[in-house]
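These notes concern the structure reproduced below.
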Amino acid sequence: MDIKHYMKALGQNARAASRQMVRADTSTKNRALLTIAAAIRRDKDALLAANRADVDAARAAGMDDAMLDRLALSEKSIATMAEGLEQIASLADPIGEITDLKYRPSGIQVGRMRVPLGVIGIIYEARPNVTVDAAGLCLKSGNAAILRGGSEAIRCNQALAALVQEGLHAAGLPAAAVQVVETTDRAAVGELITMKDYVDVIVPRGGKGLIERISNEARIPVIKHLDGNCHVYVDDEADEAKALRIVENSKTQRLGTCNTTESLLVARAVAATMLPRLADMLISKGVEIRGCAETQKLVPQTKVATEEDYHTEFLAAIVSCKVVSGLDEAIEHINKYSSQHTEAIVTENYTKARRFLREVDSSSVMVNASTRFADGFEYGLGAEIGISTDKIHARGPVGLEGLTSQKYIVLGDGQVRA
């Protein structure tokens, strides 16, 4: 296959499809989404079989447990994919929305209209659910999409792509509105991230290495986060039962996700009573603790934490831990070591909670809730195309609105500028 020619053809087709998607009305887009959702439920067994083949091949190739966890589908996760599409269909269509329309002294009206970004290239590893999430969000937001999944999920991605095409056809939308790159050749990625004539935005989802490469080499704007070094701070006014429940869920529900907590901070005033209980719970779940000198005194099983440990997204049964003097040191530590993804405080003090929300510089900041909630589906976005830790355009889970832009519109009645 001539990769350069193949990718250029995908880009040209996507650009043409994006012009048609701008004209698609809400009911047409929703019909496509609901048809895809129904097809996913209908073909559940075939999707599970394709995914099992992918998982078996990846395990034989030596894929690590965190990546295998991301790759594997279950009946529940397939149902969640379909439910996500149905939720997207139920959301208000942002395209064409006009806001801030105001009269100017000249008599003209000036406002802003929400419009699609155009063509979005999504590059991702392991997770086949991204194929569906990305297709659904791009469809509803009036964009065309070029999806390049990882080679490890090729069978399941192709099966899902066929269902997406079924939905597009049923709604009378262009087939090129969602195209899945058929080759596993890595050269396709290099072409996709430099096709500035055909692609408007790149969204990478995967490991830090992939995202760093895309960020460094892309000639197109990138919506991204590099890693998820998330924190939970247990304040000296925390409810112990809440703290145990939140830390357990944040760290142990799933180890291989970007919203899993990787670092635990505990206020010194309650460390002697609360930290051993938190540690016992984590150790009983198989989690290795790497901590500061105070943590080691209170929890003998603790290994020494290095400076690098506090910077690390482990994606494994490991957590870094530090005893801090209080809220000020917790905020300082988080802002120094965090990847600006998601942080949580456990406290019953409203004033401290408000300070934490205001001063912690991350894309999601939570009070008395698990960091695992940092997710487009949980935030009511239907799904997410990724999580952004950038500060321009989109931040946090990127849903429908994050895949749009705004343009100024002017309404006049023959006015001319004096």
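In the structure tokens, chains take the letters A, B, ... in the order shown, each chain's residues start at 1, and ligands count up from 1 in the order shown.
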- Go through stretch 171-292 of chain A and collect every residue that DSSP, computed from the backbone, puts in helix (DSSP H, G or I); the answer should be as a PyMOL selection string. chain A and resi 171+175-177+187-192+208-217+240-252+268-284
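Near A:Ile146, within 6 Å and counting only C-alpha atoms, sit Gly121, Gln179 and Val180 of chain A; same-chain residues fewer than 6 positions away were not included.
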At a cut-off of 8 Å, can you tabulate as a Markdown table every residue of stretch 132-192 of chain A near stretch 101-116 of chain A together with its closest atom pair and the distance in Å to one decimal, using only C-alpha atoms and ordering rows by chain then number?
| residue | atom | partner | partner_atom | distance |
| --- | --- | --- | --- | --- |
| A:Ser141 | CA | A:Pro116 | CA | 6.0 |
| A:Gly142 | CA | A:Pro116 | CA | 5.5 |
| A:Asn143 | CA | A:Pro116 | CA | 5.6 |
- Query: Skipping near chain neighbours, those fewer than 6 positions away, what residues fall within 7 Å of stretch 159-163 of chain A using only C-alpha atoms, listed as a list in words?
  - Reply: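 Residues near the query, excluding close chain neighbours: Ile36, Ala39, Ile40, Leu47 and Val180 of chain A.
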- Message: DSSP on the backbone: which residues in stretch 105-351 of chain A end up as strand (DSSP E)? Give the answer as a ChimeraX atom specification.
- Response: /A:109-116,119-124,144-148,178-180,201-205,230-234,261-267,288-291,303-304,318-324,342-346
For A:Ala188, please output as a PDB file with C-alpha atoms, in the first residue's frame all residues within 10 Å (counting only C-alpha atoms; exclusion window: fewer than 6 positions along the same chain).
ATOM      1  CA  ASP A   2       1.201   3.494  -0.847  1.00  0.00           C
ATOM      2  CA  ILE A   3       0.593   5.041   2.585  1.00  0.00           C
ATOM      3  CA  LYS A   4       1.002   8.626   1.452  1.00  0.00           C
ATOM      4  CA  TYR A   6      -3.922   6.252   0.832  1.00  0.00           C
ATOM      5  CA  MET A   7      -3.905   8.817   3.652  1.00  0.00           C
ATOM      6  CA  ARG A 148      -6.480   5.443  13.586  1.00  0.00           C
ATOM      7  CA  VAL A 181      -7.636   3.710   8.900  1.00  0.00           C
ATOM      8  CA  GLU A 182      -7.342   0.123   7.675  1.00  0.00           C
TER       9      GLU A 182
END
- Message: When you count only C-alpha atoms, which of these residues is closest to A:Thr371: A:Lys208, A:Arg290, A:His5, A:His231?
- Response: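 Closest candidate: A:His231.
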Which residues of stretch 194-277 of chain A come within 12 Å of stretch 18-29 of chain A, and what is each one's closest atom pair and distance in Å (one decimal), counting only C-alpha atoms, sorted by chain and residue number, as a tab-separated table?
residue	atom	partner	partner_atom	distance
A:Tyr198	CA	A:Ser18	CA	10.0
A:Val199	CA	A:Ser18	CA	10.3
A:Asp200	CA	A:Ser18	CA	10.8
Take the residues from that selection and put them in a file with N, CA and C atoms, as a compact mmCIF listing (two decimals), in the first residue's frame.
# COMPACT_ATOMS: atom_id res chain seq x y z
N TYR A 198 -6.18 18.96 5.09
CA TYR A 198 -7.38 18.14 5.19
C TYR A 198 -7.85 17.92 6.62
N VAL A 199 -6.97 18.07 7.61
CA VAL A 199 -7.31 17.77 9.00
C VAL A 199 -7.15 19.04 9.84
N ASP A 200 -8.15 19.33 10.68
CA ASP A 200 -8.15 20.56 11.46
C ASP A 200 -7.61 20.39 12.87
- Message: List the spatial neighbours of A:Asn335 as a ChimeraX atom specification - criterion: any atom at most 9 Å away, only C-alpha atoms, same-chain residues fewer than 2 positions off excluded.
- Response: /A:330-333,337-340,359-362
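The residue that comes closest to A:Val189, out of A:Ile392, A:Val367, A:Ala243, A:Ile202 and on the basis of only C-alpha atoms, is A:Ile202.
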- Note on the structure: Closest of A:Val232, A:Leu71, A:Ala82, A:Leu403 to A:Gly118, counting only C-alpha atoms, is A:Leu403
